[in-house]
file query_35.cif (mmCIF, C-alpha atoms and all ligand atoms)
data_upload
loop_
_atom_site.group_PDB
_atom_site.id
_atom_site.type_symbol
_atom_site.label_atom_id
_atom_site.label_comp_id
_atom_site.auth_asym_id
_atom_site.auth_seq_id
_atom_site.Cartn_x
_atom_site.Cartn_y
_atom_site.Cartn_z
ATOM 1 C CA MET A 1 -51.266 11.137 -4.904
ATOM 2 C CA GLU A 2 -49.729 14.285 -3.419
ATOM 3 C CA LEU A 3 -48.510 12.361 -0.392
ATOM 4 C CA ARG A 4 -46.775 9.862 -2.643
ATOM 5 C CA THR A 5 -45.250 12.634 -4.717
ATOM 6 C CA ALA A 6 -43.824 14.227 -1.575
ATOM 7 C CA LYS A 7 -42.370 10.879 -0.539
ATOM 8 C CA TYR A 8 -40.782 10.331 -3.924
ATOM 9 C CA ILE A 9 -39.257 13.803 -3.966
ATOM 10 C CA GLU A 10 -37.904 13.348 -0.439
ATOM 11 C CA ALA A 11 -35.585 10.676 -1.878
ATOM 12 C CA LEU A 12 -33.686 13.403 -3.731
ATOM 13 C CA LYS A 13 -32.648 15.104 -0.497
ATOM 14 C CA SER A 14 -30.090 12.427 0.200
ATOM 15 C CA CYS A 15 -29.793 10.642 -3.111
ATOM 16 C CA LYS A 16 -29.355 6.882 -2.953
ATOM 17 C CA LEU A 17 -31.119 6.125 -6.201
ATOM 18 C CA CYS A 18 -28.291 3.999 -7.489
ATOM 19 C CA GLY A 19 -25.357 1.960 -6.257
ATOM 20 C CA HIS A 20 -23.185 5.038 -5.903
ATOM 21 C CA ARG A 21 -25.319 6.179 -2.948
ATOM 22 C CA CYS A 22 -23.892 9.712 -3.116
ATOM 23 C CA GLU A 23 -26.238 11.043 -0.398
ATOM 24 C CA VAL A 24 -26.135 14.518 -1.937
ATOM 25 C CA ASP A 25 -29.071 16.916 -1.660
ATOM 26 C CA ARG A 26 -30.144 17.231 -5.263
ATOM 27 C CA LEU A 27 -33.099 19.400 -4.275
ATOM 28 C CA ALA A 28 -30.592 21.940 -2.984
ATOM 29 C CA GLY A 29 -28.714 21.837 -6.284
ATOM 30 C CA GLU A 30 -25.969 19.429 -5.264
ATOM 31 C CA THR A 31 -24.929 16.833 -7.785
ATOM 32 C CA GLY A 32 -23.421 13.398 -7.319
ATOM 33 C CA ILE A 33 -21.527 11.080 -9.601
ATOM 34 C CA CYS A 34 -24.240 11.230 -12.287
ATOM 35 C CA GLU A 35 -23.762 15.018 -12.362
ATOM 36 C CA THR A 36 -27.467 15.558 -12.974
ATOM 37 C CA LYS A 37 -29.790 18.055 -11.353
ATOM 38 C CA ALA A 38 -33.264 17.280 -10.056
ATOM 39 C CA GLU A 39 -34.925 18.078 -13.380
ATOM 40 C CA ILE A 40 -36.101 16.101 -16.376
ATOM 41 C CA ARG A 41 -33.960 16.464 -19.469
ATOM 42 C CA ILE A 42 -34.545 14.420 -22.578
ATOM 43 C CA SER A 43 -32.355 13.857 -25.601
ATOM 44 C CA SER A 44 -34.988 12.456 -27.942
ATOM 45 C CA PHE A 45 -38.235 10.502 -28.071
ATOM 46 C CA GLY A 46 -40.340 8.657 -30.627
ATOM 47 C CA PRO A 47 -41.307 5.210 -31.921
ATOM 48 C CA HIS A 48 -38.151 3.117 -32.028
ATOM 49 C CA TYR A 49 -37.693 0.048 -34.199
ATOM 50 C CA GLY A 50 -34.221 -1.027 -33.057
ATOM 51 C CA GLU A 51 -35.237 -2.642 -29.768
ATOM 52 C CA GLU A 52 -36.031 -6.314 -29.190
ATOM 53 C CA PRO A 53 -38.741 -7.552 -31.619
ATOM 54 C CA GLU A 54 -41.106 -8.227 -28.716
ATOM 55 C CA LEU A 55 -40.947 -4.544 -27.741
ATOM 56 C CA VAL A 56 -41.121 -3.180 -31.266
ATOM 57 C CA GLY A 57 -44.101 -5.150 -32.578
ATOM 58 C CA ARG A 58 -45.622 -3.431 -35.615
ATOM 59 C CA PHE A 59 -45.687 0.169 -34.429
ATOM 60 C CA GLY A 60 -42.505 0.570 -32.428
ATOM 61 C CA SER A 61 -41.403 0.974 -28.851
ATOM 62 C CA GLY A 62 -42.196 4.433 -27.489
ATOM 63 C CA THR A 63 -38.707 5.373 -26.352
ATOM 64 C CA ILE A 64 -37.862 8.430 -24.310
ATOM 65 C CA PHE A 65 -34.105 8.940 -23.952
ATOM 66 C CA PHE A 66 -33.343 10.792 -20.747
ATOM 67 C CA THR A 67 -30.182 12.833 -20.700
ATOM 68 C CA GLY A 68 -27.465 11.766 -18.269
ATOM 69 C CA CYS A 69 -26.630 8.441 -16.675
ATOM 70 C CA ASN A 70 -25.521 7.079 -13.334
ATOM 71 C CA LEU A 71 -22.885 4.916 -15.021
ATOM 72 C CA HIS A 72 -19.796 6.237 -16.731
ATOM 73 C CA CYS A 73 -18.745 3.401 -19.010
ATOM 74 C CA ASP A 74 -15.528 4.074 -20.891
ATOM 75 C CA PHE A 75 -17.050 2.216 -23.853
ATOM 76 C CA CYS A 76 -20.408 4.033 -23.692
ATOM 77 C CA GLN A 77 -22.203 3.665 -27.012
ATOM 78 C CA ASN A 78 -24.411 6.739 -26.328
ATOM 79 C CA SER A 79 -21.924 9.150 -24.794
ATOM 80 C CA ASP A 80 -23.281 12.165 -26.662
ATOM 81 C CA ILE A 81 -26.535 11.958 -24.711
ATOM 82 C CA SER A 82 -25.593 10.192 -21.506
ATOM 83 C CA GLN A 83 -22.239 11.386 -20.280
ATOM 84 C CA PRO A 84 -21.455 14.596 -18.367
ATOM 85 C CA GLY A 85 -21.744 17.614 -20.609
ATOM 86 C CA ALA A 86 -24.781 16.302 -22.481
ATOM 87 C CA ARG A 87 -27.488 18.945 -22.153
ATOM 88 C CA GLY A 88 -30.736 17.634 -23.612
ATOM 89 C CA VAL A 89 -33.963 19.597 -23.430
ATOM 90 C CA LYS A 90 -35.541 20.396 -20.095
ATOM 91 C CA ILE A 91 -39.209 19.493 -19.753
ATOM 92 C CA ASP A 92 -41.638 19.545 -16.843
ATOM 93 C CA ALA A 93 -43.850 16.693 -15.662
ATOM 94 C CA ASP A 94 -46.770 17.865 -17.817
ATOM 95 C CA GLY A 95 -44.513 17.803 -20.861
ATOM 96 C CA LEU A 96 -43.543 14.226 -20.081
ATOM 97 C CA VAL A 97 -47.206 13.241 -19.665
ATOM 98 C CA LYS A 98 -47.964 14.714 -23.082
ATOM 99 C CA ILE A 99 -45.062 12.865 -24.723
ATOM 100 C CA MET A 100 -46.180 9.532 -23.236
ATOM 101 C CA LEU A 101 -49.788 10.027 -24.325
ATOM 102 C CA ASP A 102 -48.670 11.078 -27.823
ATOM 103 C CA LEU A 103 -46.515 7.949 -28.169
ATOM 104 C CA GLN A 104 -49.516 5.839 -27.200
ATOM 105 C CA LYS A 105 -51.641 7.683 -29.761
ATOM 106 C CA LYS A 106 -49.036 6.885 -32.424
ATOM 107 C CA GLY A 107 -49.628 3.184 -31.741
ATOM 108 C CA CYS A 108 -46.456 2.393 -29.796
ATOM 109 C CA HIS A 109 -46.730 -0.843 -27.855
ATOM 110 C CA ASN A 110 -45.071 0.509 -24.729
ATOM 111 C CA ILE A 111 -43.423 3.526 -23.145
ATOM 112 C CA ASN A 112 -39.696 2.850 -22.918
ATOM 113 C CA TRP A 113 -37.800 4.979 -20.392
ATOM 114 C CA VAL A 114 -34.134 4.816 -21.363
ATOM 115 C CA SER A 115 -31.636 5.554 -18.525
ATOM 116 C CA PRO A 116 -34.222 6.665 -15.976
ATOM 117 C CA THR A 117 -32.513 5.662 -12.699
ATOM 118 C CA HIS A 118 -31.222 9.099 -11.719
ATOM 119 C CA LEU A 119 -34.682 10.623 -12.279
ATOM 120 C CA VAL A 120 -37.128 8.107 -10.837
ATOM 121 C CA PRO A 121 -38.678 10.318 -8.104
ATOM 122 C CA ILE A 122 -39.449 13.020 -10.663
ATOM 123 C CA LEU A 123 -40.703 10.641 -13.317
ATOM 124 C CA LEU A 124 -43.140 8.693 -11.159
ATOM 125 C CA PRO A 125 -45.589 11.561 -10.518
ATOM 126 C CA ALA A 126 -45.718 12.139 -14.273
ATOM 127 C CA LEU A 127 -46.449 8.468 -14.814
ATOM 128 C CA GLU A 128 -49.250 8.606 -12.243
ATOM 129 C CA ASN A 129 -50.781 11.564 -14.056
ATOM 130 C CA ALA A 130 -50.421 9.896 -17.428
ATOM 131 C CA ARG A 131 -52.158 6.760 -16.129
ATOM 132 C CA LYS A 132 -55.006 8.950 -14.850
ATOM 133 C CA GLU A 133 -55.269 10.589 -18.256
ATOM 134 C CA GLY A 134 -55.572 7.292 -20.100
ATOM 135 C CA LEU A 135 -52.101 5.821 -20.568
ATOM 136 C CA THR A 136 -52.669 2.070 -20.704
ATOM 137 C CA ILE A 137 -49.645 0.614 -22.526
ATOM 138 C CA PRO A 138 -46.872 -1.044 -20.462
ATOM 139 C CA LEU A 139 -43.975 0.914 -19.040
ATOM 140 C CA VAL A 140 -40.516 -0.447 -19.880
ATOM 141 C CA TYR A 141 -37.830 0.499 -17.367
ATOM 142 C CA ASN A 142 -34.656 0.353 -19.461
ATOM 143 C CA THR A 143 -31.693 0.614 -17.103
ATOM 144 C CA GLY A 144 -27.988 -0.066 -16.742
ATOM 145 C CA GLY A 145 -28.896 -2.310 -13.810
ATOM 146 C CA TYR A 146 -27.171 -0.329 -11.065
ATOM 147 C CA ASP A 147 -30.409 0.656 -9.323
ATOM 148 C CA SER A 148 -30.666 0.649 -5.551
ATOM 149 C CA LEU A 149 -33.307 -1.474 -3.882
ATOM 150 C CA GLU A 150 -34.923 1.707 -2.528
ATOM 151 C CA THR A 151 -35.480 2.863 -6.108
ATOM 152 C CA LEU A 152 -36.903 -0.470 -7.176
ATOM 153 C CA LYS A 153 -39.330 -0.491 -4.237
ATOM 154 C CA MET A 154 -40.532 2.930 -5.361
ATOM 155 C CA LEU A 155 -41.199 1.462 -8.794
ATOM 156 C CA ASP A 156 -43.088 -1.577 -7.498
ATOM 157 C CA GLY A 157 -46.503 -1.644 -9.131
ATOM 158 C CA TRP A 158 -45.659 1.012 -11.734
ATOM 159 C CA VAL A 159 -43.351 -0.913 -14.050
ATOM 160 C CA GLU A 160 -44.675 -3.694 -16.257
ATOM 161 C CA ILE A 161 -41.434 -4.601 -18.019
ATOM 162 C CA TYR A 162 -38.011 -4.339 -16.458
ATOM 163 C CA MET A 163 -35.183 -4.267 -18.983
ATOM 164 C CA PRO A 164 -31.909 -4.098 -17.020
ATOM 165 C CA ASP A 165 -28.421 -4.651 -18.296
ATOM 166 C CA ALA A 166 -26.346 -7.312 -16.618
ATOM 167 C CA LYS A 167 -23.110 -5.706 -17.745
ATOM 168 C CA TYR A 168 -20.520 -7.594 -15.740
ATOM 169 C CA GLY A 169 -20.242 -10.720 -13.654
ATOM 170 C CA ASP A 170 -17.241 -9.272 -11.856
ATOM 171 C CA SER A 171 -17.300 -6.065 -9.823
ATOM 172 C CA ALA A 172 -13.601 -5.364 -10.335
ATOM 173 C CA MET A 173 -14.241 -5.101 -14.061
ATOM 174 C CA ALA A 174 -17.278 -2.857 -13.445
ATOM 175 C CA ARG A 175 -15.186 -0.540 -11.316
ATOM 176 C CA LYS A 176 -12.432 -0.398 -13.917
ATOM 177 C CA TYR A 177 -14.523 0.165 -17.047
ATOM 178 C CA SER A 178 -17.715 1.798 -15.713
ATOM 179 C CA GLY A 179 -16.621 3.413 -12.447
ATOM 180 C CA ALA A 180 -19.293 1.363 -10.662
ATOM 181 C CA PRO A 181 -18.098 -0.244 -7.424
ATOM 182 C CA GLU A 182 -19.909 -3.409 -6.339
ATOM 183 C CA TYR A 183 -21.830 -3.486 -9.605
ATOM 184 C CA TRP A 184 -22.191 -7.255 -9.613
ATOM 185 C CA GLU A 185 -23.578 -7.372 -6.058
ATOM 186 C CA ILE A 186 -25.969 -4.480 -6.717
ATOM 187 C CA ASN A 187 -26.983 -5.821 -10.102
ATOM 188 C CA ARG A 188 -27.761 -9.282 -8.721
ATOM 189 C CA ALA A 189 -29.945 -7.829 -5.970
ATOM 190 C CA ALA A 190 -31.677 -5.630 -8.527
ATOM 191 C CA LEU A 191 -32.389 -8.510 -10.915
ATOM 192 C CA LEU A 192 -33.861 -10.579 -8.101
ATOM 193 C CA GLU A 193 -36.095 -7.708 -6.980
ATOM 194 C CA MET A 194 -37.216 -6.970 -10.518
ATOM 195 C CA TYR A 195 -38.031 -10.614 -11.058
ATOM 196 C CA ARG A 196 -39.947 -10.730 -7.778
ATOM 197 C CA GLN A 197 -42.068 -7.840 -8.986
ATOM 198 C CA VAL A 198 -42.836 -8.892 -12.562
ATOM 199 C CA GLY A 199 -41.714 -12.506 -13.172
ATOM 200 C CA ASP A 200 -40.688 -14.021 -16.502
ATOM 201 C CA LEU A 201 -41.357 -12.110 -19.685
ATOM 202 C CA TYR A 202 -44.905 -12.721 -20.840
ATOM 203 C CA ILE A 203 -45.596 -12.225 -24.533
ATOM 204 C CA GLU A 204 -49.032 -11.925 -26.098
ATOM 205 C CA ASP A 205 -49.556 -11.777 -29.878
ATOM 206 C CA ASP A 206 -45.775 -11.415 -30.323
ATOM 207 C CA VAL A 207 -45.616 -8.332 -28.103
ATOM 208 C CA ALA A 208 -44.182 -8.210 -24.560
ATOM 209 C CA VAL A 209 -46.760 -7.392 -21.931
ATOM 210 C CA ARG A 210 -45.022 -7.888 -18.610
ATOM 211 C CA GLY A 211 -41.890 -9.355 -17.059
ATOM 212 C CA LEU A 212 -38.127 -9.270 -16.984
ATOM 213 C CA LEU A 213 -35.936 -8.880 -20.059
ATOM 214 C CA VAL A 214 -32.191 -8.850 -19.400
ATOM 215 C CA ARG A 215 -29.567 -7.458 -21.756
ATOM 216 C CA HIS A 216 -25.975 -8.630 -21.745
ATOM 217 C CA LEU A 217 -23.440 -7.013 -24.058
ATOM 218 C CA VAL A 218 -20.571 -9.416 -24.702
ATOM 219 C CA LEU A 219 -17.248 -7.590 -24.381
ATOM 220 C CA PRO A 220 -13.899 -8.474 -26.006
ATOM 221 C CA ASN A 221 -11.559 -10.705 -24.009
ATOM 222 C CA ASP A 222 -14.460 -11.745 -21.767
ATOM 223 C CA VAL A 223 -14.219 -8.501 -19.832
ATOM 224 C CA ALA A 224 -17.941 -8.888 -19.023
ATOM 225 C CA SER A 225 -17.435 -12.304 -17.333
ATOM 226 C CA SER A 226 -20.396 -13.629 -19.277
ATOM 227 C CA MET A 227 -20.362 -17.070 -17.676
ATOM 228 C CA GLU A 228 -20.979 -15.637 -14.188
ATOM 229 C CA VAL A 229 -23.887 -13.625 -15.506
ATOM 230 C CA PHE A 230 -25.546 -16.605 -17.199
ATOM 231 C CA LYS A 231 -24.921 -18.890 -14.236
ATOM 232 C CA PHE A 232 -26.561 -16.482 -11.817
ATOM 233 C CA ILE A 233 -29.564 -15.846 -14.035
ATOM 234 C CA ALA A 234 -30.129 -19.529 -14.714
ATOM 235 C CA GLU A 235 -29.612 -20.715 -11.147
ATOM 236 C CA GLU A 236 -30.980 -17.840 -9.065
ATOM 237 C CA VAL A 237 -33.395 -15.846 -11.189
ATOM 238 C CA SER A 238 -35.147 -18.150 -13.631
ATOM 239 C CA ILE A 239 -34.238 -20.589 -16.352
ATOM 240 C CA ASN A 240 -37.011 -18.923 -18.380
ATOM 241 C CA THR A 241 -35.427 -15.479 -18.251
ATOM 242 C CA TYR A 242 -35.512 -13.730 -21.602
ATOM 243 C CA ILE A 243 -31.906 -12.647 -22.163
ATOM 244 C CA ASN A 244 -30.719 -10.655 -25.131
ATOM 245 C CA ILE A 245 -27.064 -11.545 -25.617
ATOM 246 C CA MET A 246 -25.810 -8.632 -27.653
ATOM 247 C CA ASP A 247 -23.018 -8.780 -30.232
ATOM 248 C CA GLN A 248 -22.798 -5.146 -31.285
ATOM 249 C CA TYR A 249 -19.868 -4.018 -29.176
ATOM 250 C CA ARG A 250 -17.682 -1.492 -30.907
ATOM 251 C CA PRO A 251 -14.943 0.587 -29.288
ATOM 252 C CA SER A 252 -16.308 4.055 -28.689
ATOM 253 C CA HIS A 253 -16.086 6.997 -26.271
ATOM 254 C CA LEU A 254 -12.956 6.336 -24.136
ATOM 255 C CA ALA A 255 -12.434 2.665 -25.028
ATOM 256 C CA GLU A 256 -9.017 3.423 -26.483
ATOM 257 C CA LYS A 257 -7.754 3.852 -22.916
ATOM 258 C CA HIS A 258 -7.932 0.063 -22.595
ATOM 259 C CA ALA A 259 -6.176 -2.078 -25.213
ATOM 260 C CA GLU A 260 -8.232 -5.147 -24.223
ATOM 261 C CA ILE A 261 -11.539 -3.545 -25.286
ATOM 262 C CA ASN A 262 -10.220 -1.292 -28.020
ATOM 263 C CA ARG A 263 -11.434 -3.538 -30.833
ATOM 264 C CA HIS A 264 -14.654 -5.077 -32.127
ATOM 265 C CA LEU A 265 -15.970 -8.339 -30.726
ATOM 266 C CA THR A 266 -15.073 -11.390 -32.799
ATOM 267 C CA MET A 267 -17.692 -13.842 -33.996
ATOM 268 C CA ASP A 268 -15.925 -16.588 -32.019
ATOM 269 C CA GLU A 269 -16.201 -14.593 -28.798
ATOM 270 C CA TYR A 270 -19.876 -14.062 -29.389
ATOM 271 C CA LYS A 271 -20.524 -17.712 -30.207
ATOM 272 C CA THR A 272 -18.657 -18.764 -27.075
ATOM 273 C CA ALA A 273 -20.972 -16.608 -24.978
ATOM 274 C CA VAL A 274 -24.078 -18.072 -26.595
ATOM 275 C CA ILE A 275 -22.796 -21.609 -26.057
ATOM 276 C CA LEU A 276 -22.207 -20.784 -22.385
ATOM 277 C CA ALA A 277 -25.755 -19.506 -21.969
ATOM 278 C CA ASP A 278 -27.104 -22.580 -23.681
ATOM 279 C CA GLY A 279 -25.000 -24.721 -21.354
ATOM 280 C CA PHE A 280 -26.914 -23.265 -18.415
ATOM 281 C CA LYS A 281 -30.162 -24.161 -20.218
ATOM 282 C CA LEU A 282 -31.153 -20.579 -20.795
ATOM 283 C CA HIS A 283 -33.351 -20.662 -23.861
ATOM 284 C CA ARG A 284 -35.137 -17.356 -24.455
ATOM 285 C CA GLY A 285 -34.037 -14.217 -26.278
ATOM 286 C CA PHE A 286 -30.960 -15.412 -28.143
ATOM 287 C CA THR A 287 -31.853 -18.724 -29.744
ATOM 288 C CA ASN A 288 -32.309 -17.090 -33.167
ATOM 289 C CA TYR A 289 -28.519 -16.719 -33.304
ATOM 290 C CA TRP A 290 -28.002 -20.454 -33.707
HETATM 291 S S1 LIG B 1 -28.510 8.923 -9.017
HETATM 292 FE FE1 LIG B 1 -26.779 7.732 -8.261
HETATM 293 S S2 LIG B 1 -24.982 8.832 -9.077
HETATM 294 FE FE2 LIG B 1 -26.718 10.262 -9.181
HETATM 295 S S3 LIG B 1 -26.598 11.420 -7.262
HETATM 296 FE FE3 LIG B 1 -28.017 9.709 -6.960
HETATM 297 S S4 LIG B 1 -26.797 8.064 -6.042
HETATM 298 FE FE4 LIG B 1 -25.370 9.561 -6.988
#
call {"tool": "encode", "arguments": {"input": "query_35.cif", "output": "structure tokens"}}
result
Amino acid sequence: MELRTAKYIEALKSCKLCGHRCEVDRLAGETGICETKAEIRISSFGPHYGEEPELVGRFGSGTIFFTGCNLHCDFCQNSDISQPGARGVKIDADGLVKIMLDLQKKGCHNINWVSPTHLVPILLPALENARKEGLTIPLVYNTGGYDSLETLKMLDGWVEIYMPDAKYGDSAMARKYSGAPEYWEINRAALLEMYRQVGDLYIEDDVAVRGLLVRHLVLPNDVASSMEVFKFIAEEVSINTYINIMDQYRPSHLAEKHAEINRHLTMDEYKTAVILADGFKLHRGFTNYW
């Protein structure tokens, strides 16, 4: 256990946790593009009923919103807690263990780490301790999908449900709107690795137990290149991938910088995306929109 902890922490000395690969020494106080220190900060936690029905079940998904993010999307829907300047509350590993065990006690069906990428080496020892102290519900790794393969290898065996975004099927768009170079290449590799680890989403008694659940937020004017995303998932990941095609885009944060995304999504744009996914024979996660 201690050996593994040391190995995890070592990763912070030259941080390559995400696609930015800043190689800064976060243990020495340096910060990279995520502008976060090597400490756990949370914005909120509790049973959450706004996630996918298979995560919420009857008693909610036990979400823990970590402060900060490795992506800087101009249309960020959570900028108050995720973008530079957000402070959150600092907790230590024991505090995180207690929160996870309390969420389980409340009946939550899973522990849902929201935006954990920049903190993985610090979170994993807490997860190990929580498992030792009786945490049995699945861990959901809820990420923007810009995780490095090194990070995903660290998580192998610890995550039951991967819930990555597939934000863009075009890296030029990702660079422009999220400041994330090579997002599409990194995201594809990440999805394949996640799928290798956990497979298709497995649901028991209407509640997700294990597997991959992909989120795709449709953007106005097809800025997300939805067809590329669906094509890749259907042809290279799995036709049985559970994919939540999301329609709730609204212009927020810095979206007004870009006229093409400075408006709500139209119903026609959303329907077009769903028809595309259906055309690739994807069939899980969005069929209730028909
Ligand atoms: S988590 Fe990503 S953005 Fe943050 S320092 Fe590490 S490589 Fe850079």
call {"tool": "closest_atom_pairs", "arguments": {"input": "query_35.cif", "of": "chain A", "to": "ligand LIG 1 (chain B)", "cutoff": "8 Å", "atoms": "all atoms listed in the file", "output": "tab-separated table"}}
result
residue	atom	partner	partner_atom	distance
A:Leu12	CA	B:LIG1	FE3	7.5
A:Ser14	CA	B:LIG1	FE3	7.9
A:Cys15	CA	B:LIG1	FE3	4.3
A:Lys16	CA	B:LIG1	S4	4.2
A:Leu17	CA	B:LIG1	S4	4.7
A:Cys18	CA	B:LIG1	FE1	4.1
A:Gly19	CA	B:LIG1	FE1	6.3
A:His20	CA	B:LIG1	S4	4.7
A:Arg21	CA	B:LIG1	S4	3.9
A:Cys22	CA	B:LIG1	FE4	4.1
A:Glu23	CA	B:LIG1	S4	6.4
A:Val24	CA	B:LIG1	S3	6.2
A:Arg26	CA	B:LIG1	S3	7.1
A:Thr31	CA	B:LIG1	S3	5.7
A:Gly32	CA	B:LIG1	S3	3.7
A:Ile33	CA	B:LIG1	S2	4.2
A:Cys34	CA	B:LIG1	S2	4.1
A:Glu35	CA	B:LIG1	FE2	6.4
A:Thr36	CA	B:LIG1	FE2	6.6
A:Cys69	CA	B:LIG1	FE2	7.7
A:Asn70	CA	B:LIG1	S2	4.6
A:Leu71	CA	B:LIG1	S2	7.4
A:Thr117	CA	B:LIG1	S1	6.3
A:His118	CA	B:LIG1	S1	3.8
A:Leu119	CA	B:LIG1	S1	7.2
call {"tool": "residues_around", "arguments": {"input": "query_35.cif", "residues": "Leu201 in chain A", "least_positions_apart": "6", "cutoff": "6 Å", "atoms": "only C-alpha atoms", "output": "VMD selection string"}}
result
chain A and resid 210 to 212
call {"tool": "write_last_selection", "arguments": {"input": "query_35.cif", "atoms": "C-alpha atoms", "output": "compact mmCIF listing (two decimals), in the coordinates of the input"}}
result
# COMPACT_ATOMS: atom_id res chain seq x y z
CA ARG A 210 -45.02 -7.89 -18.61
CA GLY A 211 -41.89 -9.36 -17.06
CA LEU A 212 -38.13 -9.27 -16.98
call {"tool": "atom_distance", "arguments": {"input": "query_35.cif", "atom1": "CA of Met227 in chain A", "atom2": "CA of Asn262 in chain A"}}
result
21.4 Å
call {"tool": "resolve_selection", "arguments": {"input": "query_35.cif", "expression": "the PyMOL selection byres (((chain A and resi 151-158) around 10) and not hetatm)", "output": "MDAnalysis selection string"}}
result
chainID A and resid 4 7:8 11 16:18 117:121 124 127:128 131 138:141 147:150 159:161 190:191 193:194 196:198
call {"tool": "resolve_selection", "arguments": {"input": "query_35.cif", "expression": "the PyMOL selection byres (((chain A and resi 232) around 12) and not hetatm)", "output": "ChimeraX atom specification"}}
result
/A:166,168-170,184-185,187-189,191-192,225-231,233-239,241,277,280-282
call {"tool": "atom_distance", "arguments": {"input": "query_35.cif", "atom1": "CA of Val218 in chain A", "atom2": "CA of Lys271 in chain A"}}
result
10.0 Å
call {"tool": "closest_residue", "arguments": {"input": "query_35.cif", "among": "A:Ile243, A:Leu217, A:Leu254, A:Val56", "to": "Tyr270 in chain A", "atoms": "all atoms listed in the file"}}
result
A:Leu217
call {"tool": "closest_residue", "arguments": {"input": "query_35.cif", "among": "A:Asp278, A:Gly46, A:Gly199, A:Cys76", "to": "Tyr249 in chain A", "atoms": "only C-alpha atoms"}}
result
A:Cys76
call {"tool": "resolve_selection", "arguments": {"input": "query_35.cif", "expression": "the PyMOL selection byres (((chain A and resi 75) around 12) and not hetatm)", "output": "PyMOL selection string"}}
result
chain A and resi 71-74+76-79+82-83+167+174+176-179+217+219-220+223+248-264
call {"tool": "residues_around", "arguments": {"input": "query_35.cif", "residues": "Ile137 in chain A", "least_positions_apart": "4", "cutoff": "10 Å", "atoms": "only C-alpha atoms", "output": "ChimeraX atom specification"}}
result
/A:62,100-101,103-104,107-111,131,160,209
call {"tool": "atom_distance", "arguments": {"input": "query_35.cif", "atom1": "CA of Ile81 in chain A", "atom2": "CA of Thr143 in chain A"}}
result
14.6 Å
call {"tool": "residues_around", "arguments": {"input": "query_35.cif", "residues": "Thr63 in chain A", "least_positions_apart": "6", "cutoff": "8 Å", "atoms": "only C-alpha atoms", "output": "list in words"}}
result
Phe45, Gly46, Pro47, His48, Ile111, Asn112, Trp113 and Val114 of chain A
call {"tool": "decode", "arguments": {"input": "query_35.cif", "residues": "range 205-215 of chain A", "atoms": "N, CA, C and O atoms", "output": "PDB file, in the first residue's frame"}}
result
ATOM      1  N   ASP A 205     -30.596  -4.659 -12.008  1.00  0.00           N
ATOM      2  CA  ASP A 205     -31.740  -4.039 -11.312  1.00  0.00           C
ATOM      3  C   ASP A 205     -31.813  -2.533 -11.584  1.00  0.00           C
ATOM      4  O   ASP A 205     -31.996  -1.724 -10.654  1.00  0.00           O
ATOM      5  N   ASP A 206     -31.647  -2.159 -12.818  1.00  0.00           N
ATOM      6  CA  ASP A 206     -31.748  -0.760 -13.280  1.00  0.00           C
ATOM      7  C   ASP A 206     -30.618   0.155 -12.793  1.00  0.00           C
ATOM      8  O   ASP A 206     -30.695   1.373 -12.952  1.00  0.00           O
ATOM      9  N   VAL A 207     -29.600  -0.409 -12.194  1.00  0.00           N
ATOM     10  CA  VAL A 207     -28.498   0.420 -11.697  1.00  0.00           C
ATOM     11  C   VAL A 207     -27.193  -0.057 -12.338  1.00  0.00           C
ATOM     12  O   VAL A 207     -26.920  -1.259 -12.411  1.00  0.00           O
ATOM     13  N   ALA A 208     -26.380   0.917 -12.799  1.00  0.00           N
ATOM     14  CA  ALA A 208     -25.098   0.569 -13.440  1.00  0.00           C
ATOM     15  C   ALA A 208     -24.133  -0.011 -12.410  1.00  0.00           C
ATOM     16  O   ALA A 208     -23.996   0.512 -11.295  1.00  0.00           O
ATOM     17  N   VAL A 209     -23.459  -1.063 -12.828  1.00  0.00           N
ATOM     18  CA  VAL A 209     -22.542  -1.758 -11.931  1.00  0.00           C
ATOM     19  C   VAL A 209     -21.100  -1.603 -12.403  1.00  0.00           C
ATOM     20  O   VAL A 209     -20.176  -1.443 -11.593  1.00  0.00           O
ATOM     21  N   ARG A 210     -20.918  -1.655 -13.713  1.00  0.00           N
ATOM     22  CA  ARG A 210     -19.564  -1.648 -14.259  1.00  0.00           C
ATOM     23  C   ARG A 210     -19.631  -1.303 -15.748  1.00  0.00           C
ATOM     24  O   ARG A 210     -20.634  -1.599 -16.402  1.00  0.00           O
ATOM     25  N   GLY A 211     -18.565  -0.684 -16.253  1.00  0.00           N
ATOM     26  CA  GLY A 211     -18.495  -0.472 -17.700  1.00  0.00           C
ATOM     27  C   GLY A 211     -18.271   0.973 -18.096  1.00  0.00           C
ATOM     28  O   GLY A 211     -17.982   1.831 -17.267  1.00  0.00           O
ATOM     29  N   LEU A 212     -18.418   1.189 -19.393  1.00  0.00           N
ATOM     30  CA  LEU A 212     -18.134   2.488 -19.999  1.00  0.00           C
ATOM     31  C   LEU A 212     -19.430   3.211 -20.343  1.00  0.00           C
ATOM     32  O   LEU A 212     -20.324   2.631 -20.968  1.00  0.00           O
ATOM     33  N   LEU A 213     -19.501   4.467 -19.940  1.00  0.00           N
ATOM     34  CA  LEU A 213     -20.657   5.311 -20.259  1.00  0.00           C
ATOM     35  C   LEU A 213     -20.087   6.615 -20.824  1.00  0.00           C
ATOM     36  O   LEU A 213     -19.380   7.334 -20.123  1.00  0.00           O
ATOM     37  N   VAL A 214     -20.368   6.881 -22.085  1.00  0.00           N
ATOM     38  CA  VAL A 214     -19.783   8.056 -22.743  1.00  0.00           C
ATOM     39  C   VAL A 214     -20.814   9.171 -22.808  1.00  0.00           C
ATOM     40  O   VAL A 214     -22.001   8.922 -23.054  1.00  0.00           O
ATOM     41  N   ARG A 215     -20.347  10.397 -22.581  1.00  0.00           N
ATOM     42  CA  ARG A 215     -21.226  11.562 -22.725  1.00  0.00           C
ATOM     43  C   ARG A 215     -20.772  12.391 -23.918  1.00  0.00           C
ATOM     44  O   ARG A 215     -19.578  12.639 -24.076  1.00  0.00           O
TER      45      ARG A 215
END
